[in-house]
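S.K.: Just one file: protein.cif, with mmCIF, C-alpha atoms and all ligand atoms.
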```
data_model
#
loop_
_atom_site.group_PDB
_atom_site.id
_atom_site.type_symbol
_atom_site.label_atom_id
_atom_site.label_comp_id
_atom_site.auth_asym_id
_atom_site.auth_seq_id
_atom_site.Cartn_x
_atom_site.Cartn_y
_atom_site.Cartn_z
ATOM 1 C CA MET A 12 -2.896 18.406 4.038
ATOM 2 C CA ILE A 13 -1.136 15.348 2.684
ATOM 3 C CA LYS A 14 -1.549 15.231 -1.096
ATOM 4 C CA LYS A 15 1.408 13.105 -2.222
ATOM 5 C CA ALA A 16 1.858 9.361 -1.773
ATOM 6 C CA ILE A 17 4.868 7.209 -2.628
ATOM 7 C CA LEU A 18 4.145 3.638 -3.773
ATOM 8 C CA PRO A 19 7.355 1.591 -4.036
ATOM 9 C CA VAL A 20 6.784 -0.939 -6.838
ATOM 10 C CA ALA A 21 10.329 -1.786 -7.908
ATOM 11 C CA GLY A 22 10.551 -5.133 -6.054
ATOM 12 C CA LEU A 23 10.757 -8.239 -8.227
ATOM 13 C CA GLY A 24 8.201 -10.251 -6.285
ATOM 14 C CA THR A 25 10.202 -13.443 -5.858
ATOM 15 C CA ARG A 26 7.752 -14.619 -3.172
ATOM 16 C CA PHE A 27 5.051 -14.602 -5.839
ATOM 17 C CA LEU A 28 6.770 -16.650 -8.562
ATOM 18 C CA PRO A 29 5.868 -18.053 -11.034
ATOM 19 C CA ALA A 30 2.934 -15.579 -11.352
ATOM 20 C CA SER A 31 5.330 -12.618 -11.193
ATOM 21 C CA LYS A 32 7.853 -13.978 -13.705
ATOM 22 C CA SER A 33 6.716 -11.841 -16.637
ATOM 23 C CA ILE A 34 4.147 -9.496 -15.097
ATOM 24 C CA PRO A 35 4.660 -7.276 -12.057
ATOM 25 C CA LYS A 36 3.268 -8.825 -8.867
ATOM 26 C CA GLU A 37 1.275 -5.593 -8.439
ATOM 27 C CA MET A 38 -0.578 -6.403 -11.694
ATOM 28 C CA VAL A 39 -1.793 -9.817 -10.535
ATOM 29 C CA THR A 40 -5.570 -9.542 -10.415
ATOM 30 C CA VAL A 41 -7.644 -9.608 -7.262
ATOM 31 C CA VAL A 42 -11.121 -10.511 -8.615
ATOM 32 C CA ASP A 43 -11.378 -8.253 -11.697
ATOM 33 C CA ARG A 44 -8.637 -5.655 -11.334
ATOM 34 C CA PRO A 45 -4.930 -5.552 -10.520
ATOM 35 C CA ALA A 46 -3.947 -5.458 -6.852
ATOM 36 C CA ILE A 47 -2.295 -2.041 -7.292
ATOM 37 C CA GLU A 48 -5.652 -0.447 -8.193
ATOM 38 C CA TYR A 49 -6.998 -1.166 -4.705
ATOM 39 C CA VAL A 50 -3.986 0.531 -3.128
ATOM 40 C CA VAL A 51 -4.184 3.568 -5.409
ATOM 41 C CA LYS A 52 -7.911 3.873 -4.679
ATOM 42 C CA GLU A 53 -7.265 3.631 -0.934
ATOM 43 C CA ALA A 54 -4.860 6.586 -1.294
ATOM 44 C CA VAL A 55 -7.295 8.584 -3.441
ATOM 45 C CA ALA A 56 -10.112 7.953 -0.937
ATOM 46 C CA ALA A 57 -7.845 9.499 1.729
ATOM 47 C CA GLY A 58 -7.411 12.677 -0.330
ATOM 48 C CA ILE A 59 -4.145 11.896 -2.145
ATOM 49 C CA GLU A 60 -3.827 13.731 -5.473
ATOM 50 C CA GLN A 61 -0.371 12.741 -6.647
ATOM 51 C CA ILE A 62 0.754 9.110 -6.730
ATOM 52 C CA ILE A 63 4.505 8.639 -7.086
ATOM 53 C CA LEU A 64 5.447 5.165 -8.288
ATOM 54 C CA VAL A 65 9.042 4.187 -7.500
ATOM 55 C CA THR A 66 9.457 1.678 -10.241
ATOM 56 C CA HIS A 67 11.727 -0.613 -12.256
ATOM 57 C CA THR A 68 12.351 -1.283 -15.945
ATOM 58 C CA SER A 69 10.189 -4.437 -15.834
ATOM 59 C CA LYS A 70 7.142 -2.643 -14.447
ATOM 60 C CA ALA A 71 5.927 -0.488 -17.361
ATOM 61 C CA SER A 72 2.559 -2.285 -17.375
ATOM 62 C CA ILE A 73 1.683 -0.553 -14.083
ATOM 63 C CA GLU A 74 2.140 2.862 -15.690
ATOM 64 C CA ASN A 75 0.229 1.694 -18.765
ATOM 65 C CA TYR A 76 -2.679 0.578 -16.618
ATOM 66 C CA PHE A 77 -3.197 4.054 -15.206
ATOM 67 C CA ASP A 78 -2.643 5.739 -18.586
ATOM 68 C CA ARG A 79 -5.236 6.120 -21.350
ATOM 69 C CA ASN A 80 -5.322 3.456 -24.074
ATOM 70 C CA PHE A 81 -6.450 5.192 -27.242
ATOM 71 C CA GLU A 82 -6.800 2.081 -29.417
ATOM 72 C CA LEU A 83 -8.829 0.178 -26.853
ATOM 73 C CA GLU A 84 -11.041 3.193 -26.131
ATOM 74 C CA THR A 85 -11.701 3.734 -29.860
ATOM 75 C CA ARG A 86 -12.601 0.075 -30.293
ATOM 76 C CA LEU A 87 -14.993 0.120 -27.328
ATOM 77 C CA GLU A 88 -16.594 3.321 -28.664
ATOM 78 C CA GLN A 89 -17.103 1.744 -32.097
ATOM 79 C CA LYS A 90 -18.709 -1.268 -30.466
ATOM 80 C CA GLN A 91 -20.763 1.018 -28.190
ATOM 81 C CA LYS A 92 -19.556 -0.800 -25.089
ATOM 82 C CA TRP A 93 -20.146 2.229 -22.915
ATOM 83 C CA ASP A 94 -19.965 0.458 -19.544
ATOM 84 C CA LEU A 95 -16.555 -1.002 -20.275
ATOM 85 C CA LEU A 96 -15.355 2.306 -21.710
ATOM 86 C CA LYS A 97 -16.392 4.038 -18.495
ATOM 87 C CA GLU A 98 -14.625 1.390 -16.408
ATOM 88 C CA ILE A 99 -11.286 1.808 -18.152
ATOM 89 C CA THR A 100 -11.346 5.593 -18.430
ATOM 90 C CA GLU A 101 -12.521 6.289 -14.889
ATOM 91 C CA ILE A 102 -9.983 4.269 -12.905
ATOM 92 C CA LEU A 103 -8.683 7.544 -11.516
ATOM 93 C CA PRO A 104 -10.587 10.786 -10.974
ATOM 94 C CA PRO A 105 -9.288 13.623 -13.179
ATOM 95 C CA HIS A 106 -7.669 15.522 -10.294
ATOM 96 C CA VAL A 107 -5.310 12.615 -9.515
ATOM 97 C CA SER A 108 -2.018 12.231 -11.365
ATOM 98 C CA ILE A 109 0.501 9.409 -11.490
ATOM 99 C CA ILE A 110 4.214 10.133 -11.727
ATOM 100 C CA SER A 111 6.986 7.594 -11.855
ATOM 101 C CA VAL A 112 10.607 7.586 -10.902
ATOM 102 C CA ARG A 113 13.060 4.699 -11.158
ATOM 103 C CA GLN A 114 14.853 2.895 -8.363
ATOM 104 C CA PRO A 115 17.999 1.955 -10.266
ATOM 105 C CA GLN A 116 19.271 -0.612 -7.725
ATOM 106 C CA PRO A 117 17.444 -2.821 -5.189
ATOM 107 C CA LEU A 118 18.915 -1.184 -2.100
ATOM 108 C CA GLY A 119 15.870 -1.444 0.151
ATOM 109 C CA LEU A 120 12.587 0.258 1.025
ATOM 110 C CA GLY A 121 14.289 3.290 2.569
ATOM 111 C CA HIS A 122 16.291 3.791 -0.608
ATOM 112 C CA ALA A 123 13.124 3.424 -2.727
ATOM 113 C CA VAL A 124 11.422 6.194 -0.754
ATOM 114 C CA LEU A 125 14.531 8.369 -1.092
ATOM 115 C CA CYS A 126 14.355 8.000 -4.892
ATOM 116 C CA ALA A 127 11.220 10.219 -4.767
ATOM 117 C CA LYS A 128 12.978 13.018 -2.842
ATOM 118 C CA ALA A 129 13.009 15.547 -5.680
ATOM 119 C CA ILE A 130 9.271 15.073 -6.329
ATOM 120 C CA ILE A 131 8.380 15.291 -2.631
ATOM 121 C CA GLY A 132 10.346 18.533 -2.090
ATOM 122 C CA ASP A 133 9.186 20.223 1.116
ATOM 123 C CA ASP A 134 5.846 18.405 1.298
ATOM 124 C CA ASP A 135 4.896 15.877 3.954
ATOM 125 C CA PHE A 136 3.712 12.659 2.351
ATOM 126 C CA ALA A 137 2.203 9.189 2.646
ATOM 127 C CA VAL A 138 3.862 5.864 1.828
ATOM 128 C CA LEU A 139 1.747 2.843 0.877
ATOM 129 C CA LEU A 140 3.375 -0.548 0.321
ATOM 130 C CA PRO A 141 1.347 -2.212 -2.429
ATOM 131 C CA ASP A 142 1.925 -5.811 -1.277
ATOM 132 C CA VAL A 143 -0.564 -5.201 1.511
ATOM 133 C CA LEU A 144 -4.224 -4.507 0.755
ATOM 134 C CA VAL A 145 -6.134 -2.674 3.480
ATOM 135 C CA LYS A 146 -9.871 -3.310 3.409
ATOM 136 C CA ASP A 147 -12.027 -0.725 5.174
ATOM 137 C CA HIS A 148 -14.044 -1.684 8.212
ATOM 138 C CA GLU A 149 -17.534 -0.198 7.779
ATOM 139 C CA ALA A 150 -16.326 2.432 5.283
ATOM 140 C CA ILE A 151 -13.698 3.782 7.694
ATOM 141 C CA ASN A 152 -10.576 4.679 5.706
ATOM 142 C CA ASP A 153 -7.688 4.223 8.139
ATOM 143 C CA LEU A 154 -5.299 6.222 5.973
ATOM 144 C CA SER A 155 -7.534 9.290 6.037
ATOM 145 C CA LEU A 156 -7.751 9.047 9.842
ATOM 146 C CA MET A 157 -3.951 8.948 9.985
ATOM 147 C CA ILE A 158 -3.784 12.064 7.799
ATOM 148 C CA GLN A 159 -6.254 13.886 10.074
ATOM 149 C CA ARG A 160 -4.223 12.882 13.115
ATOM 150 C CA PHE A 161 -0.975 14.025 11.444
ATOM 151 C CA ASP A 162 -2.548 17.397 10.627
ATOM 152 C CA ALA A 163 -3.596 17.814 14.260
ATOM 153 C CA SER A 164 -0.486 16.463 16.044
ATOM 154 C CA LYS A 165 2.283 16.988 13.435
ATOM 155 C CA ALA A 166 3.621 13.617 14.581
ATOM 156 C CA ALA A 167 4.469 11.020 11.908
ATOM 157 C CA GLN A 168 1.875 8.226 11.815
ATOM 158 C CA ILE A 169 2.768 4.551 11.397
ATOM 159 C CA MET A 170 -0.131 2.133 10.844
ATOM 160 C CA VAL A 171 0.156 -1.007 12.962
ATOM 161 C CA GLU A 172 -1.805 -4.160 13.719
ATOM 162 C CA ALA A 173 -1.305 -6.973 16.202
ATOM 163 C CA VAL A 174 0.273 -10.154 14.782
ATOM 164 C CA PRO A 175 0.870 -13.558 16.401
ATOM 165 C CA ASP A 176 4.145 -13.635 18.394
ATOM 166 C CA HIS A 177 5.773 -16.184 16.073
ATOM 167 C CA LEU A 178 5.472 -13.786 13.102
ATOM 168 C CA VAL A 179 7.114 -10.685 14.585
ATOM 169 C CA ASP A 180 10.419 -11.401 12.802
ATOM 170 C CA GLN A 181 8.733 -10.739 9.430
ATOM 171 C CA TYR A 182 7.781 -7.120 10.112
ATOM 172 C CA GLY A 183 8.795 -3.773 11.501
ATOM 173 C CA ILE A 184 7.678 -3.811 15.159
ATOM 174 C CA VAL A 185 6.898 -0.777 17.334
ATOM 175 C CA ASP A 186 7.659 -0.255 21.011
ATOM 176 C CA VAL A 187 4.694 1.225 22.905
ATOM 177 C CA THR A 188 3.874 1.618 26.599
ATOM 178 C CA ARG A 189 0.390 0.154 26.139
ATOM 179 C CA LEU A 190 -1.790 -1.398 23.449
ATOM 180 C CA PRO A 191 -3.615 1.419 21.622
ATOM 181 C CA CYS A 192 -7.334 0.947 20.896
ATOM 182 C CA GLU A 193 -8.319 0.369 17.280
ATOM 183 C CA GLY A 194 -8.452 3.777 15.601
ATOM 184 C CA GLU A 195 -6.170 5.353 18.218
ATOM 185 C CA SER A 196 -2.689 6.862 17.766
ATOM 186 C CA ILE A 197 -0.175 6.794 20.615
ATOM 187 C CA VAL A 198 3.412 8.002 20.859
ATOM 188 C CA MET A 199 5.863 5.175 20.287
ATOM 189 C CA GLN A 200 9.063 4.619 22.217
ATOM 190 C CA GLY A 201 10.928 2.920 19.377
ATOM 191 C CA ILE A 202 10.652 0.860 16.196
ATOM 192 C CA VAL A 203 12.786 -2.040 14.982
ATOM 193 C CA GLU A 204 12.940 -3.900 11.660
ATOM 194 C CA LYS A 205 12.323 -7.660 11.759
ATOM 195 C CA PRO A 206 13.467 -8.388 15.333
ATOM 196 C CA ALA A 207 14.587 -11.944 16.156
ATOM 197 C CA LEU A 208 11.874 -14.008 17.881
ATOM 198 C CA GLY A 209 11.900 -13.428 21.613
ATOM 199 C CA THR A 210 13.462 -9.957 21.297
ATOM 200 C CA ALA A 211 10.503 -7.942 19.886
ATOM 201 C CA PRO A 212 9.305 -4.984 21.989
ATOM 202 C CA SER A 213 5.627 -5.829 21.210
ATOM 203 C CA ASN A 214 3.549 -7.747 18.693
ATOM 204 C CA LEU A 215 2.364 -4.594 16.918
ATOM 205 C CA SER A 216 3.597 -4.854 13.339
ATOM 206 C CA VAL A 217 4.082 -2.127 10.778
ATOM 207 C CA VAL A 218 1.425 -2.681 8.135
ATOM 208 C CA GLY A 219 2.943 -0.638 5.295
ATOM 209 C CA ARG A 220 1.066 2.665 5.582
ATOM 210 C CA TYR A 221 2.987 5.706 6.783
ATOM 211 C CA ILE A 222 2.418 9.467 7.024
ATOM 212 C CA LEU A 223 5.843 11.074 7.155
ATOM 213 C CA PRO A 224 7.290 14.580 7.352
ATOM 214 C CA ALA A 225 9.409 15.822 4.429
ATOM 215 C CA LYS A 226 12.475 15.905 6.704
ATOM 216 C CA ILE A 227 12.589 12.081 6.791
ATOM 217 C CA MET A 228 14.338 12.348 3.394
ATOM 218 C CA GLN A 229 17.404 13.939 5.044
ATOM 219 C CA LEU A 230 17.381 11.170 7.653
ATOM 220 C CA LEU A 231 17.150 8.527 4.917
ATOM 221 C CA GLU A 232 20.214 10.041 3.237
ATOM 222 C CA GLN A 233 22.163 9.376 6.429
ATOM 223 C CA THR A 234 20.700 5.930 7.127
ATOM 224 C CA PRO A 235 23.276 3.120 6.812
ATOM 225 C CA GLN A 236 22.405 -0.377 5.615
ATOM 226 C CA GLY A 237 20.352 -2.250 8.191
ATOM 227 C CA ALA A 238 18.448 -5.546 8.311
ATOM 228 C CA GLY A 239 19.088 -7.670 5.193
ATOM 229 C CA ASN A 240 21.876 -5.233 4.216
ATOM 230 C CA GLU A 241 19.220 -2.860 2.924
ATOM 231 C CA ILE A 242 18.537 0.800 3.664
ATOM 232 C CA GLN A 243 15.479 0.456 5.878
ATOM 233 C CA LEU A 244 12.675 3.000 6.161
ATOM 234 C CA THR A 245 12.185 1.655 9.692
ATOM 235 C CA ASP A 246 15.706 2.828 10.671
ATOM 236 C CA ALA A 247 15.039 6.370 9.399
ATOM 237 C CA ILE A 248 11.768 6.408 11.383
ATOM 238 C CA ALA A 249 13.735 5.305 14.466
ATOM 239 C CA ALA A 250 16.100 8.259 13.871
ATOM 240 C CA LEU A 251 13.118 10.627 13.482
ATOM 241 C CA GLN A 252 11.705 9.305 16.734
ATOM 242 C CA GLN A 253 14.899 10.430 18.501
ATOM 243 C CA LEU A 254 14.149 13.998 17.346
ATOM 244 C CA GLU A 255 10.379 14.253 17.794
ATOM 245 C CA ASN A 256 7.199 12.326 18.570
ATOM 246 C CA VAL A 257 6.260 9.530 16.185
ATOM 247 C CA GLU A 258 2.896 7.842 16.686
ATOM 248 C CA ALA A 259 1.663 4.311 16.094
ATOM 249 C CA TYR A 260 -1.873 4.273 14.672
ATOM 250 C CA ARG A 261 -3.715 0.994 15.336
ATOM 251 C CA MET A 262 -5.835 0.217 12.309
ATOM 252 C CA GLN A 263 -9.505 -0.734 12.223
ATOM 253 C CA GLY A 264 -9.689 -2.385 8.804
ATOM 254 C CA GLN A 265 -8.376 -5.753 7.687
ATOM 255 C CA THR A 266 -5.073 -6.452 5.936
ATOM 256 C CA PHE A 267 -4.263 -8.940 3.188
ATOM 257 C CA ASP A 268 -0.613 -9.576 2.437
ATOM 258 C CA CYS A 269 -0.697 -10.196 -1.304
ATOM 259 C CA GLY A 270 3.088 -10.612 -1.244
ATOM 260 C CA ASN A 271 2.473 -14.227 -0.247
ATOM 261 C CA LYS A 272 0.273 -16.748 -1.974
ATOM 262 C CA LEU A 273 -2.108 -17.643 0.838
ATOM 263 C CA GLY A 274 -2.606 -13.972 1.736
ATOM 264 C CA TYR A 275 -3.407 -13.355 -1.918
ATOM 265 C CA LEU A 276 -5.995 -16.179 -2.019
ATOM 266 C CA LYS A 277 -7.601 -14.786 1.135
ATOM 267 C CA ALA A 278 -7.830 -11.370 -0.522
ATOM 268 C CA VAL A 279 -9.513 -12.874 -3.599
ATOM 269 C CA LEU A 280 -12.088 -14.583 -1.345
ATOM 270 C CA HIS A 281 -12.878 -11.456 0.682
ATOM 271 C CA TYR A 282 -12.949 -8.984 -2.208
ATOM 272 C CA GLY A 283 -14.812 -11.578 -4.292
ATOM 273 C CA VAL A 284 -17.717 -12.099 -1.875
ATOM 274 C CA ASP A 285 -18.025 -8.314 -1.408
ATOM 275 C CA HIS A 286 -17.933 -7.550 -5.142
ATOM 276 C CA LEU A 287 -21.025 -5.578 -6.193
ATOM 277 C CA LYS A 288 -21.772 -7.545 -9.354
ATOM 278 C CA LEU A 289 -20.106 -10.914 -8.728
ATOM 279 C CA GLY A 290 -20.410 -11.298 -4.948
ATOM 280 C CA GLU A 291 -23.629 -13.302 -4.688
ATOM 281 C CA ALA A 292 -22.749 -15.715 -7.494
ATOM 282 C CA PHE A 293 -19.261 -16.109 -6.047
ATOM 283 C CA LYS A 294 -20.736 -17.050 -2.650
ATOM 284 C CA ASP A 295 -22.831 -19.709 -4.411
ATOM 285 C CA LEU A 296 -19.691 -21.060 -6.064
ATOM 286 C CA ILE A 297 -17.968 -21.334 -2.706
ATOM 287 C CA LYS A 298 -20.978 -23.199 -1.269
ATOM 288 C CA GLU A 299 -20.817 -25.622 -4.205
ATOM 289 C CA LEU A 300 -17.326 -26.641 -3.171
ATOM 290 C CA GLU A 301 -18.848 -28.536 -0.201
ATOM 291 C CA LEU A 302 -15.528 -28.587 1.649
HETATM 292 C C1 LIG A 401 8.367 -3.920 4.794
HETATM 293 C C2 LIG A 401 8.824 -3.050 5.968
HETATM 294 C C3 LIG A 401 8.346 -3.644 7.284
HETATM 295 C C4 LIG A 401 6.835 -3.808 7.246
HETATM 296 C C5 LIG A 401 6.437 -4.658 6.039
HETATM 297 C C6 LIG A 401 4.919 -4.699 5.896
HETATM 298 O O1 LIG A 401 9.050 -5.153 4.858
HETATM 299 O O2 LIG A 401 10.244 -2.940 5.936
HETATM 300 O O3 LIG A 401 8.717 -2.791 8.344
HETATM 301 O O4 LIG A 401 6.392 -4.409 8.439
HETATM 302 O O5 LIG A 401 6.971 -4.121 4.819
HETATM 303 O O6 LIG A 401 4.542 -5.570 4.867
HETATM 304 P P1 LIG A 401 9.085 -6.181 3.606
HETATM 305 O O7 LIG A 401 7.790 -6.916 3.635
HETATM 306 O O8 LIG A 401 9.253 -5.357 2.382
HETATM 307 O O9 LIG A 401 10.255 -7.069 3.874
#
```
Will you turn the file into structure tokens for me?
Ligand code: G1P
M.R.:
Amino acid sequence: MIKKAILPVAGLGTRFLPASKSIPKEMVTVVDRPAIEYVVKEAVAAGIEQIILVTHTSKASIENYFDRNFELETRLEQKQKWDLLKEITEILPPHVSIISVRQPQPLGLGHAVLCAKAIIGDDDFAVLLPDVLVKDHEAINDLSLMIQRFDASKAAQIMVEAVPDHLVDQYGIVDVTRLPCEGESIVMQGIVEKPALGTAPSNLSVVGRYILPAKIMQLLEQTPQGAGNEIQLTDAIAALQQLENVEAYRMQGQTFDCGNKLGYLKAVLHYGVDHLKLGEAFKDLIKELEL
């Protein structure tokens, strides 16, 4: 079973300035909690027990968020604010731990994943890119389906979704012989990082959720700089695919790219209207806008 997940959070979030100037982009709130909490909870819902943050000196507030805050807890206890106390102490279930490791230089996603090599050891693992929020479709957790499929097939799983043709140069794109159904995994023929328009093998983009075998770390060590002069995870997956089957899993849920401002606003709308306590009032607010 996959129990470890790497979350690369060292990026400076230039696409999200000015919001990300003095707080990590992962700490920008979606409704009433930071974006990173949704991603961590997605991993926990899929059975992950150890979250490995690959982080940067400017990102300590992420670690603080998942840590206890003695002063705040004492104050809430004194004021008998039990609901709030429960909220801040039960962000993670007790069996889940958060570990962090630094990425000392911005050398790319592949390099960020490699920074967690010593913690991963011989274990297969998940990678979740926190810019993208994945919202379940009818309580189906795509990541847990990928883990089940990995356990059964032993083939690495790469979550994909269809994107419009004019956007393929912004993503990793997989090469497949046919379009998989939603919820289906099929063996891929190749994968390429940010292909130029008109050259992409399909319009199935890599969403930012991966189930990978431990041996990808050795491949990452040998991966030269690729697109954008960075060490690309996509290139190591392409190398893995030369050795064994790698599968593209077509997701069922919905993605929100919180790395860009409009994607972020869309996430706030969707998570806002579905919020247990605020949803109905939020819908009324939207109606009041009379657009
Ligand atoms: C990364 C990956 C890319 C993937 C994308 C998803 O790119 O390298 O393959 O499609 O995340 O968001 P980035 O957005 O970091 O440039």
S.K.: Name the closest residue to ligand LIG 401 (chain A) among the candidates A:Ile151, A:Ile62, A:Met38, A:Val185; distances are taken between atoms, counting all atoms listed in the file.
M.R.: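 Of the candidates, the smallest distance to ligand LIG 401 (chain A) is held by A:Val185.
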S.K.: Using the chain letters and numbers from the file, give me the residues hit by the PyMOL selection byres (((chain A and resi 162) around 12) and not hetatm), as a PyMOL selection string.
M.R.: chain A and resi 12-14+135-136+155-161+163-168+222-224
S.K.: Please identify all protein, DNA and RNA residues within 6 Å of ligand LIG 401 (chain A), counting all atoms listed in the file, and report them as a PyMOL selection string.
M.R.: chain A and resi 182-183+204+216-219+245
S.K.: Please, what distance in Å, to one decimal, runs between CA of Val55 in chain A and CA of Gln265 in chain A?
M.R.: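 One can read the CA of Val55 in chain A to CA of Gln265 in chain A distance as 18.2 Å.
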S.K.: Using only C-alpha atoms, which of the listed residues (A:Ile99, A:Ala54, A:Leu254, A:Leu18) sits closest to Leu87 in chain A?
M.R.: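 Checking each candidate against Leu87 in chain A, we get A:Ile99 as the closest.
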S.K.: With the PyMOL selection byres (((chain A and resi 239) around 12) and not hetatm) as the selection, what would be picked from this file? Answer as a PyMOL selection string, please.
M.R.: chain A and resi 117-120+181+204-206+235-238+240-243
S.K.: Go through the shown structure with the PyMOL selection byres (((chain A and resi 56) around 12) and not hetatm) and write out the matching residues as a PyMOL selection string.
M.R.: chain A and resi 14+48-55+57-60+103-104+107+147+150-156+158
S.K.: For each of A:Gly24, A:Pro115, A:Gly201, A:Cys126, take the minimum atom-to-atom distance to Val257 in chain A, counting all atoms listed in the file, then give the residue where this is smallest.
M.R.: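 Closest candidate: A:Gly201.
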S.K.: A:Phe77, A:Tyr282, A:Met228, A:Tyr221: which is nearest Gly132 in chain A, counting all atoms listed in the file?
M.R.: A:Met228
S.K.: Please identify all polymer residues within 12 Å of Leu276 in chain A, counting all atoms listed in the file, omitting same-chain residues fewer than 4 positions from it, and present them as a PDB file with C-alpha atoms, in the frame of the given file.
M.R.:
```pdb
ATOM      1  CA  PHE A  27       5.051 -14.602  -5.839  1.00  0.00           C
ATOM      2  CA  VAL A  39      -1.793  -9.817 -10.535  1.00  0.00           C
ATOM      3  CA  THR A  40      -5.570  -9.542 -10.415  1.00  0.00           C
ATOM      4  CA  VAL A  41      -7.644  -9.608  -7.262  1.00  0.00           C
ATOM      5  CA  VAL A  42     -11.121 -10.511  -8.615  1.00  0.00           C
ATOM      6  CA  ALA A  46      -3.947  -5.458  -6.852  1.00  0.00           C
ATOM      7  CA  PHE A 267      -4.263  -8.940   3.188  1.00  0.00           C
ATOM      8  CA  ASP A 268      -0.613  -9.576   2.437  1.00  0.00           C
ATOM      9  CA  CYS A 269      -0.697 -10.196  -1.304  1.00  0.00           C
ATOM     10  CA  GLY A 270       3.088 -10.612  -1.244  1.00  0.00           C
ATOM     11  CA  ASN A 271       2.473 -14.227  -0.247  1.00  0.00           C
ATOM     12  CA  LYS A 272       0.273 -16.748  -1.974  1.00  0.00           C
ATOM     13  CA  LEU A 280     -12.088 -14.583  -1.345  1.00  0.00           C
ATOM     14  CA  HIS A 281     -12.878 -11.456   0.682  1.00  0.00           C
ATOM     15  CA  TYR A 282     -12.949  -8.984  -2.208  1.00  0.00           C
ATOM     16  CA  GLY A 283     -14.812 -11.578  -4.292  1.00  0.00           C
TER      17      GLY A 283
END
```
S.K.: Using Å and a single decimal, report how far CA of Lys226 in chain A sits from CA of Ala250 in chain A.
M.R.: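 Atom-to-atom, CA of Ala250 in chain A and CA of Lys226 in chain A are spaced 11.1 Å apart.
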S.K.: Would you compute the distance between CA of Glu149 in chain A and CA of Ile109 in chain A? Give it in Å to one decimal.
M.R.: 28.1 Å
S.K.: So that I can see what lies close to Gln263 in chain A, please list as JSON, numbers by chain the residues with an atom at most 7 Å from it, counting all atoms listed in the file and leaving out residues fewer than 4 positions away in the same chain.
M.R.: {"A": [148, 153, 193, 194]}
S.K.: What would the file look like if the residues just selected were written as a compact mmCIF listing (two decimals), in the coordinates of the input with C-alpha atoms?
M.R.:
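For reference, selection-v8.txt as written:
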```txt
# COMPACT_ATOMS: atom_id res chain seq x y z
CA HIS A 148 -14.04 -1.68 8.21
CA ASP A 153 -7.69 4.22 8.14
CA GLU A 193 -8.32 0.37 17.28
CA GLY A 194 -8.45 3.78 15.60
```
S.K.: Skip Glu195 in chain A itself and residues of its chain fewer than 6 positions away, then list as a VMD selection string all residues within 9 Å of it, counting all atoms listed in the file.
M.R.: chain A and resid 259 to 262
S.K.: Between A:Ala211, A:Val203, A:Val198, A:Ala247, which residue has the minimum interatomic distance to Pro175 in chain A, considering only C-alpha atoms?
M.R.: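 With only C-alpha atoms as the atom set, the closest residue is A:Ala211.
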S.K.: Could you tell me, as a PDB file with C-alpha atoms, keeping the file's coordinate frame, which residues have any atom at most 12 Å from (16.1, -16.5, 17.9), counting only C-alpha atoms?
M.R.:
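point_17.pdb written:
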```pdb
ATOM      1  CA  HIS A 177       5.773 -16.184  16.073  1.00  0.00           C
ATOM      2  CA  LEU A 178       5.472 -13.786  13.102  1.00  0.00           C
ATOM      3  CA  VAL A 179       7.114 -10.685  14.585  1.00  0.00           C
ATOM      4  CA  ASP A 180      10.419 -11.401  12.802  1.00  0.00           C
ATOM      5  CA  LYS A 205      12.323  -7.660  11.759  1.00  0.00           C
ATOM      6  CA  PRO A 206      13.467  -8.388  15.333  1.00  0.00           C
ATOM      7  CA  ALA A 207      14.587 -11.944  16.156  1.00  0.00           C
ATOM      8  CA  LEU A 208      11.874 -14.008  17.881  1.00  0.00           C
ATOM      9  CA  GLY A 209      11.900 -13.428  21.613  1.00  0.00           C
ATOM     10  CA  THR A 210      13.462  -9.957  21.297  1.00  0.00           C
ATOM     11  CA  ALA A 211      10.503  -7.942  19.886  1.00  0.00           C
TER      12      ALA A 211
END
```
S.K.: Go ahead and fit an axis-aligned box to every listed atom of range 284-302 of chain A plus 3 Å each side, and pass me the centre and edge lengths in Å, one decimal, as lines of an AutoDock Vina configuration file.
M.R.:
```
center_x = -19.6
center_y = -17.1
center_z = -3.9
size_x = 14.1
size_y = 29.0
size_z = 17.0
```
S.K.: Pick the closest to Lys36 in chain A from A:Val20, A:Leu215, A:Leu273, A:Leu296: which is it, counting all atoms listed in the file?
M.R.: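 Once distances to Lys36 in chain A are computed over all atoms listed in the file, the minimum belongs to A:Val20.
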